Each structure stands twice: as C-alpha cells, then as structure tokens.
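Asker: One file: query-v1.pdb (PDB, C-alpha atoms).
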ATOM      1  CA  MET O   1     -83.590 -18.995-159.086
ATOM      2  CA  ARG O   2     -80.831 -17.774-161.306
ATOM      3  CA  TYR O   3     -82.287 -16.604-164.628
ATOM      4  CA  CYS O   4     -85.530 -14.728-165.100
ATOM      5  CA  LEU O   5     -87.213 -12.954-168.010
ATOM      6  CA  ASN O   6     -89.246  -9.820-167.291
ATOM      7  CA  LEU O   7     -91.776  -9.314-170.083
ATOM      8  CA  PRO O   8     -93.838  -6.184-170.808
ATOM      9  CA  ILE O   9     -97.584  -6.111-170.269
ATOM     10  CA  GLY O  10     -97.917  -3.383-172.889
ATOM     11  CA  GLY O  11     -97.366  -3.265-176.621
ATOM     12  CA  GLU O  12     -98.245  -5.716-179.361
ATOM     13  CA  ALA O  13     -96.033  -8.501-177.946
ATOM     14  CA  ALA O  14     -97.901  -8.383-174.623
ATOM     15  CA  HIS O  15    -101.065 -10.085-175.835
ATOM     16  CA  PRO O  16    -101.794 -12.968-173.415
ATOM     17  CA  ARG O  17    -101.486 -15.597-176.154
ATOM     18  CA  ILE O  18     -98.095 -14.227-177.184
ATOM     19  CA  LEU O  19     -96.944 -14.096-173.544
ATOM     20  CA  ALA O  20     -98.068 -17.700-173.062
ATOM     21  CA  GLY O  21     -95.990 -18.699-176.082
ATOM     22  CA  LEU O  22     -92.986 -16.743-174.821
ATOM     23  CA  ALA O  23     -93.285 -18.380-171.382
ATOM     24  CA  ALA O  24     -93.419 -21.838-172.975
ATOM     25  CA  ALA O  25     -90.368 -21.006-175.121
ATOM     26  CA  ALA O  26     -88.510 -19.686-172.049
ATOM     27  CA  GLU O  27     -89.312 -22.879-170.143
ATOM     28  CA  GLU O  28     -88.098 -25.018-173.039
ATOM     29  CA  ALA O  29     -84.900 -22.943-173.271
ATOM     30  CA  GLY O  30     -84.138 -23.542-169.576
ATOM     31  CA  TRP O  31     -85.051 -20.207-167.992
ATOM     32  CA  ASP O  32     -85.997 -20.368-164.303
ATOM     33  CA  ALA O  33     -88.834 -17.832-164.295
ATOM     34  CA  VAL O  34     -90.903 -15.413-166.340
ATOM     35  CA  PHE O  35     -92.406 -12.288-164.819
ATOM     36  CA  VAL O  36     -94.690  -9.649-166.294
ATOM     37  CA  GLU O  37     -95.083  -6.008-165.388
ATOM     38  CA  ASP O  38     -98.272  -4.663-163.760
ATOM     39  CA  TYR O  39     -99.626  -1.408-165.213
ATOM     40  CA  ILE O  40    -103.063   0.003-165.980
ATOM     41  CA  VAL O  41    -101.574   2.168-168.743
ATOM     42  CA  TYR O  42     -98.272   0.693-169.866
ATOM     43  CA  GLN O  43     -95.437   2.958-168.664
ATOM     44  CA  ASN O  44     -97.605   6.084-169.091
ATOM     45  CA  ARG O  45     -97.952   5.327-172.832
ATOM     46  CA  GLN O  46    -101.584   5.727-173.819
ATOM     47  CA  ASP O  47    -100.669   4.958-177.440
ATOM     48  CA  LEU O  48     -99.881   1.302-176.611
ATOM     49  CA  PRO O  49    -102.286  -1.492-175.721
ATOM     50  CA  ALA O  50    -101.942  -2.797-172.152
ATOM     51  CA  TYR O  51    -103.146  -6.185-170.924
ATOM     52  CA  ASP O  52    -104.093  -7.474-167.495
ATOM     53  CA  PRO O  53    -101.128  -9.250-165.859
ATOM     54  CA  TRP O  54    -103.256 -11.789-163.950
ATOM     55  CA  VAL O  55    -105.114 -12.976-167.038
ATOM     56  CA  ALA O  56    -101.807 -13.134-168.915
ATOM     57  CA  LEU O  57    -100.206 -15.118-166.073
ATOM     58  CA  ALA O  58    -103.108 -17.571-166.147
ATOM     59  CA  ALA O  59    -102.483 -18.146-169.865
ATOM     60  CA  MET O  60     -98.774 -18.563-169.126
ATOM     61  CA  ALA O  61     -99.489 -21.052-166.320
ATOM     62  CA  VAL O  62    -101.562 -23.238-168.630
ATOM     63  CA  ALA O  63     -98.862 -23.142-171.337
ATOM     64  CA  THR O  64     -96.036 -24.196-168.974
ATOM     65  CA  SER O  65     -95.352 -26.871-166.376
ATOM     66  CA  HIS O  66     -92.366 -25.944-164.200
ATOM     67  CA  ILE O  67     -91.105 -22.397-164.813
ATOM     68  CA  ARG O  68     -91.898 -19.894-162.011
ATOM     69  CA  LEU O  69     -94.287 -17.065-162.807
ATOM     70  CA  GLY O  70     -95.006 -13.704-161.252
ATOM     71  CA  THR O  71     -95.329  -9.957-161.465
ATOM     72  CA  MET O  72     -92.522  -7.432-161.407
ATOM     73  CA  VAL O  73     -93.992  -5.528-159.538
ATOM     74  CA  THR O  74     -97.621  -5.315-158.504
ATOM     75  CA  PRO O  75     -98.363  -1.873-157.034
ATOM     76  CA  LEU O  76    -100.152  -3.262-154.010
ATOM     77  CA  ALA O  77    -101.685   0.045-152.886
ATOM     78  CA  ARG O  78    -103.858   0.100-156.015
ATOM     79  CA  ARG O  79    -105.200  -3.440-155.494
ATOM     80  CA  ARG O  80    -107.845  -4.553-153.031
ATOM     81  CA  PRO O  81    -105.945  -7.152-150.971
ATOM     82  CA  TRP O  82    -108.924  -9.522-150.672
ATOM     83  CA  LYS O  83    -109.368  -9.553-154.450
ATOM     84  CA  LEU O  84    -105.649 -10.060-154.984
ATOM     85  CA  ALA O  85    -105.695 -12.861-152.395
ATOM     86  CA  ARG O  86    -108.269 -14.762-154.468
ATOM     87  CA  GLU O  87    -106.450 -14.064-157.750
ATOM     88  CA  THR O  88    -103.086 -15.178-156.406
ATOM     89  CA  VAL O  89    -104.427 -18.335-154.741
ATOM     90  CA  THR O  90    -106.249 -19.245-157.938
ATOM     91  CA  LEU O  91    -103.100 -18.699-159.999
ATOM     92  CA  ASP O  92    -101.014 -20.606-157.458
ATOM     93  CA  HIS O  93    -103.366 -23.581-157.857
ATOM     94  CA  LEU O  94    -103.531 -23.236-161.639
ATOM     95  CA  SER O  95     -99.723 -23.231-161.828
ATOM     96  CA  ASN O  96     -99.342 -25.988-159.211
ATOM     97  CA  GLY O  97     -97.424 -23.736-156.824
ATOM     98  CA  ARG O  98     -95.221 -21.742-159.203
ATOM     99  CA  LEU O  99     -96.314 -18.179-158.372
ATOM    100  CA  THR O 100     -94.106 -15.496-156.829
ATOM    101  CA  LEU O 101     -95.829 -12.226-155.897
ATOM    102  CA  CYS O 102     -93.562  -9.211-156.320
ATOM    103  CA  ILE O 103     -95.011  -6.061-154.784
ATOM    104  CA  GLY O 104     -94.189  -2.391-154.335
ATOM    105  CA  VAL O 105     -95.774   1.000-153.739
ATOM    106  CA  GLY O 106     -95.943   1.786-157.452
ATOM    107  CA  ASP O 107     -94.093   4.121-159.743
ATOM    108  CA  PRO O 108     -94.259   7.699-158.377
ATOM    109  CA  GLU O 109     -94.357   8.931-161.994
ATOM    110  CA  ASP O 110     -97.398   6.806-162.929
ATOM    111  CA  PHE O 111    -100.105   9.344-163.828
ATOM    112  CA  THR O 112    -102.914   6.801-163.503
ATOM    113  CA  TYR O 113    -103.047   7.076-159.705
ATOM    114  CA  ALA O 114    -104.315  10.642-160.001
ATOM    115  CA  ALA O 115    -106.334   9.909-163.148
ATOM    116  CA  PHE O 116    -108.370   7.245-161.328
ATOM    117  CA  GLY O 117    -108.627   9.147-158.033
ATOM    118  CA  GLU O 118    -106.272   6.808-156.209
ATOM    119  CA  GLU O 119    -103.765   7.715-153.520
ATOM    120  CA  THR O 120    -100.808   9.651-154.950
ATOM    121  CA  ASP O 121     -98.739  10.176-151.804
ATOM    122  CA  VAL O 122     -96.003   7.521-151.814
ATOM    123  CA  ARG O 123     -95.740   7.459-147.999
ATOM    124  CA  VAL O 124     -99.461   6.802-147.647
ATOM    125  CA  ARG O 125     -99.231   4.129-150.333
ATOM    126  CA  ALA O 126     -96.348   2.530-148.381
ATOM    127  CA  GLY O 127     -98.639   2.252-145.350
ATOM    128  CA  MET O 128    -101.310   0.717-147.554
ATOM    129  CA  VAL O 129     -98.783  -1.823-148.850
ATOM    130  CA  ASP O 130     -97.780  -2.891-145.336
ATOM    131  CA  GLU O 131    -101.409  -3.371-144.331
ATOM    132  CA  ALA O 132    -102.305  -5.147-147.574
ATOM    133  CA  LEU O 133     -99.463  -7.619-147.023
ATOM    134  CA  GLU O 134    -100.883  -8.489-143.607
ATOM    135  CA  VAL O 135    -104.338  -8.979-145.146
ATOM    136  CA  LEU O 136    -102.925 -11.199-147.906
ATOM    137  CA  ALA O 137    -101.034 -13.384-145.450
ATOM    138  CA  GLY O 138    -104.083 -13.670-143.204
ATOM    139  CA  MET O 139    -106.396 -14.592-146.042
ATOM    140  CA  TRP O 140    -103.918 -17.139-147.395
ATOM    141  CA  SER O 141    -103.670 -18.825-143.966
ATOM    142  CA  GLY O 142    -106.904 -20.805-144.320
ATOM    143  CA  LYS O 143    -107.690 -19.921-140.696
ATOM    144  CA  PRO O 144    -110.157 -17.454-139.197
ATOM    145  CA  PHE O 145    -108.742 -13.994-139.842
ATOM    146  CA  SER O 146    -109.730 -10.393-139.174
ATOM    147  CA  TYR O 147    -107.886  -7.123-139.634
ATOM    148  CA  HIS O 148    -108.517  -3.553-138.550
ATOM    149  CA  GLY O 149    -105.970  -1.076-139.882
ATOM    150  CA  THR O 150    -105.906   2.500-141.059
ATOM    151  CA  HIS O 151    -106.527   1.606-144.701
ATOM    152  CA  PHE O 152    -108.138  -1.847-144.687
ATOM    153  CA  ARG O 153    -110.668  -3.654-142.532
ATOM    154  CA  VAL O 154    -111.676  -7.295-142.709
ATOM    155  CA  SER O 155    -114.354  -8.853-140.501
ATOM    156  CA  GLU O 156    -113.484 -12.326-139.278
ATOM    157  CA  MET O 157    -113.595 -14.870-142.065
ATOM    158  CA  THR O 158    -111.860 -17.978-143.322
ATOM    159  CA  CYS O 159    -110.777 -18.070-146.963
ATOM    160  CA  LEU O 160    -110.239 -21.376-148.715
ATOM    161  CA  PRO O 161    -108.447 -22.860-150.475
ATOM    162  CA  ARG O 162    -105.041 -22.096-149.075
ATOM    163  CA  PRO O 163    -102.198 -21.612-151.557
ATOM    164  CA  VAL O 164    -100.428 -24.720-152.839
ATOM    165  CA  GLN O 165     -97.153 -23.235-151.570
ATOM    166  CA  GLN O 166     -96.724 -23.329-147.813
ATOM    167  CA  PRO O 167     -96.530 -21.515-145.566
ATOM    168  CA  ARG O 168     -97.700 -19.079-148.310
ATOM    169  CA  ILE O 169     -96.979 -17.672-151.747
ATOM    170  CA  PRO O 170     -93.480 -16.103-151.757
ATOM    171  CA  ILE O 171     -93.497 -12.298-151.606
ATOM    172  CA  TRP O 172     -90.641 -10.259-153.047
ATOM    173  CA  VAL O 173     -90.498  -6.515-152.514
ATOM    174  CA  GLY O 174     -89.485  -4.032-155.196
ATOM    175  CA  GLY O 175     -88.187  -0.553-154.547
ATOM    176  CA  ALA O 176     -85.571   2.006-155.422
ATOM    177  CA  TYR O 177     -82.230   2.154-153.631
ATOM    178  CA  PRO O 178     -81.399   3.876-151.253
ATOM    179  CA  ASN O 179     -84.981   4.100-149.997
ATOM    180  CA  PRO O 180     -84.935   2.170-146.687
ATOM    181  CA  GLY O 181     -88.673   1.328-146.643
ATOM    182  CA  PRO O 182     -88.591  -1.354-149.349
ATOM    183  CA  LEU O 183     -85.447  -2.872-147.811
ATOM    184  CA  ARG O 184     -87.112  -3.173-144.393
ATOM    185  CA  ARG O 185     -90.235  -4.601-146.040
ATOM    186  CA  ALA O 186     -88.143  -7.109-148.020
ATOM    187  CA  ALA O 187     -86.472  -8.260-144.782
ATOM    188  CA  ARG O 188     -89.923  -8.987-143.262
ATOM    189  CA  TRP O 189     -91.046 -11.019-146.267
ATOM    190  CA  ASP O 190     -89.064 -13.147-148.738
ATOM    191  CA  GLY O 191     -86.536 -10.798-150.268
ATOM    192  CA  ALA O 192     -86.137  -8.099-152.888
TER     193      ALA O 192
END
Translate this structure into structure tokens?
Answerer:
Amino acid sequence: MRYCLNLPIGGEAAHPRILAGLAAAAEEAGWDAVFVEDYIVYQNRQDLPAYDPWVALAAMAVATSHIRLGTMVTPLARRRPWKLARETVTLDHLSNGRLTLCIGVGDPEDFTYAAFGEETDVRVRAGMVDEALEVLAGMWSGKPFSYHGTHFRVSEMTCLPRPVQQPRIPIWVGGAYPNPGPLRRAARWDGA
C-alpha cells in the first residue's frame, strides 16, 4: 500500500453516505486505501456530529470493490473484543477481504473514557489491548478457543465464519513515538 486517505468520523462530511461516496471516488481516482477515525465524541468536540466507524465502513465496502478499508485507529481497550471480532469478520466478508484493523490504546486526552466510566490509565489500557488482540486472533481462528487473562475471559468456543483473509485480518498498531509499547506491539502483529 502506498497511498491512503484518512477520513474523519465527525462533522457534516462524515455521514456514512458521504463517506461511501468519498471511498468510491478515492477508488476511482486510484487510491490504495481509505481509513476512518474511531471516536465516540469526535476529537472531544461535542458540537459536531459523530458517526459509528463500523457502520460507515460497511457503507464504504458496499460502494467499492477493491480499495482497502479500515480504522485509524480503533481504541481497542474501549471495545469488547468478542463484539469487535464479529464486526470485523462481518466487514471482512462484506468487503471480500479488504479490511485492515488499526488499533491503539486510545487518545490520553479523550475525555469520554472518564465520562463513560471506562479505564483512564493508559498503562492499564495497554494491557487490555494486548489481551484483546489475543482474543481477536483466537476468535478469528475458527478453532476451539478459550482465554483467561486479567481483563478478559472467554470460555471455550468456536466462532465461525473465519475471516476471508488468512491467516487473519491484518492488524496495524498506532502509537506515539518514542513510546516503546506500540513499537513492540507492532512488531508482534503486522506493523505500525
């Protein structure tokens, strides 16, 4: 991948129909990928509308045929990994294997963690991200899987279907330099 657009999930231009049109235009213009941000409240701006990235990506997948799609970045500590596993597999199938999942611990300045009673300590969230990645990979495997960590527990189960992409959906890790945690995480997965 050489050229990627990163589109906002907040503001008037972030409506899913508009994003689908922008993705189709980007594909026609020769871009390699289109990614959307992942916020509950767009960049701490309560005066702007914010849309769900997964619904928007589904609209973008239907409006395109070959451009890659993904998030930039999904704050994994705020998502239930089993729910995200189903959403990502569904989107991977809908897009015929064009999804890239970009993850991180989330913006330390994002007030919504505290507002919704979620974990605010970035180090704790980093531990949650590492565990959630293991749960995602296990659930995507299509094989019997169980997990017992500090933050997440999964009794043995098999989740089908598997992603279109094998061995799994690519995972890119976001983070701020020179923080070594995201770099180590990126080395364990598919890059930064």
Asker: For O:Pro161, which of O:Gly10, O:Gly21, O:Gly142, O:Gly181 is the closest residue, counting all atoms listed in the file?
Answerer: O:Gly142
Asker: Could you name the residues that touch O:Phe35 at 6 Å or less, counting only C-alpha atoms, but leaving out those on the same chain fewer than 3 positions away, as number ranges by chain?
Answerer: O: 6, 69-72
Asker: Using the chain letters and numbers from the file, which residues does the PyMOL selection byres ((chain O and resi 128) around 8) grab, as a list in words?
Answerer: Leu76, Ala77, Val124, Arg125, Ala126, Gly127, Val129, Asp130, Glu131, Ala132, His151 and Phe152 of chain O
Asker: The PyMOL selection byres ((chain O and resi 105-118) around 9) on the file shown: which residues, as an NGL selection string?
Answerer: :O and (39-41 or 43-44 or 73-78 or 103-104 or 119-123 or 125-129 or 174-175 or 182)
Asker: Could you give me, as a list of chain:residue names, the residues within 8 Å of stretch 154-157 of chain O, counting all atoms listed in the file and dropping anything in the same chain fewer than 3 positions from it?
Answerer: O:Val135, O:Lys143, O:Pro144, O:Phe145, O:Ser146, O:Tyr147, O:His148
Asker: Would you kindly translate the PyMOL selection byres ((chain O and resi 86-94) around 8) into the concrete residues it picks from this file, as a compact mmCIF listing (two decimals) with C-alpha atoms, keeping the file's coordinate frame?
Answerer:
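Saved the output as result35.txt:
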# COMPACT_ATOMS: atom_id res chain seq x y z
CA TRP O 54 -103.26 -11.79 -163.95
CA LEU O 57 -100.21 -15.12 -166.07
CA ALA O 58 -103.11 -17.57 -166.15
CA ALA O 61 -99.49 -21.05 -166.32
CA VAL O 62 -101.56 -23.24 -168.63
CA TRP O 82 -108.92 -9.52 -150.67
CA LYS O 83 -109.37 -9.55 -154.45
CA LEU O 84 -105.65 -10.06 -154.98
CA ALA O 85 -105.70 -12.86 -152.40
CA SER O 95 -99.72 -23.23 -161.83
CA ASN O 96 -99.34 -25.99 -159.21
CA GLY O 97 -97.42 -23.74 -156.82
CA ARG O 98 -95.22 -21.74 -159.20
CA LEU O 99 -96.31 -18.18 -158.37
CA LEU O 101 -95.83 -12.23 -155.90
CA TRP O 140 -103.92 -17.14 -147.40
CA PRO O 161 -108.45 -22.86 -150.48
CA ARG O 162 -105.04 -22.10 -149.07
CA PRO O 163 -102.20 -21.61 -151.56
CA VAL O 164 -100.43 -24.72 -152.84
CA GLN O 165 -97.15 -23.24 -151.57
CA ILE O 169 -96.98 -17.67 -151.75
Asker: Just to confirm, what's the straight-line distance from atom CA of O:Glu28 to atom CA of O:Thr64 in Å (one decimal)?
Answerer: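 Computing the Euclidean distance for atom CA of O:Glu28 and atom CA of O:Thr64 yields 9.0 Å.
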Asker: Give me, please, the distance in Å between atom CA of O:Ala23 and atom CA of O:Met60, quoted to one decimal.
Answerer: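 Taking atom CA of O:Ala23 as the start and atom CA of O:Met60 as the end point, the length is 5.9 Å.
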Asker: Figure out the distance between atom CA of O:Thr158 and atom CA of O:Met139, please, to one decimal in Å.
Answerer: 7.0 Å
Asker: Emit as AutoDock Vina command-line options the padded axis-aligned box for all listed atoms of stretch 99-116 of chain O, 4 Å per side, with centre and edge lengths in Å to one decimal.
Answerer:
--center_x -101.0 --center_y -3.8 --center_z -158.8 --size_x 22.8 --size_y 36.8 --size_z 18.1
Asker: For O:Arg17, which of O:Tyr51, O:Tyr177, O:Trp172, O:Trp189 is the closest residue, counting all atoms listed in the file?
Answerer: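 Closest candidate: O:Tyr51.
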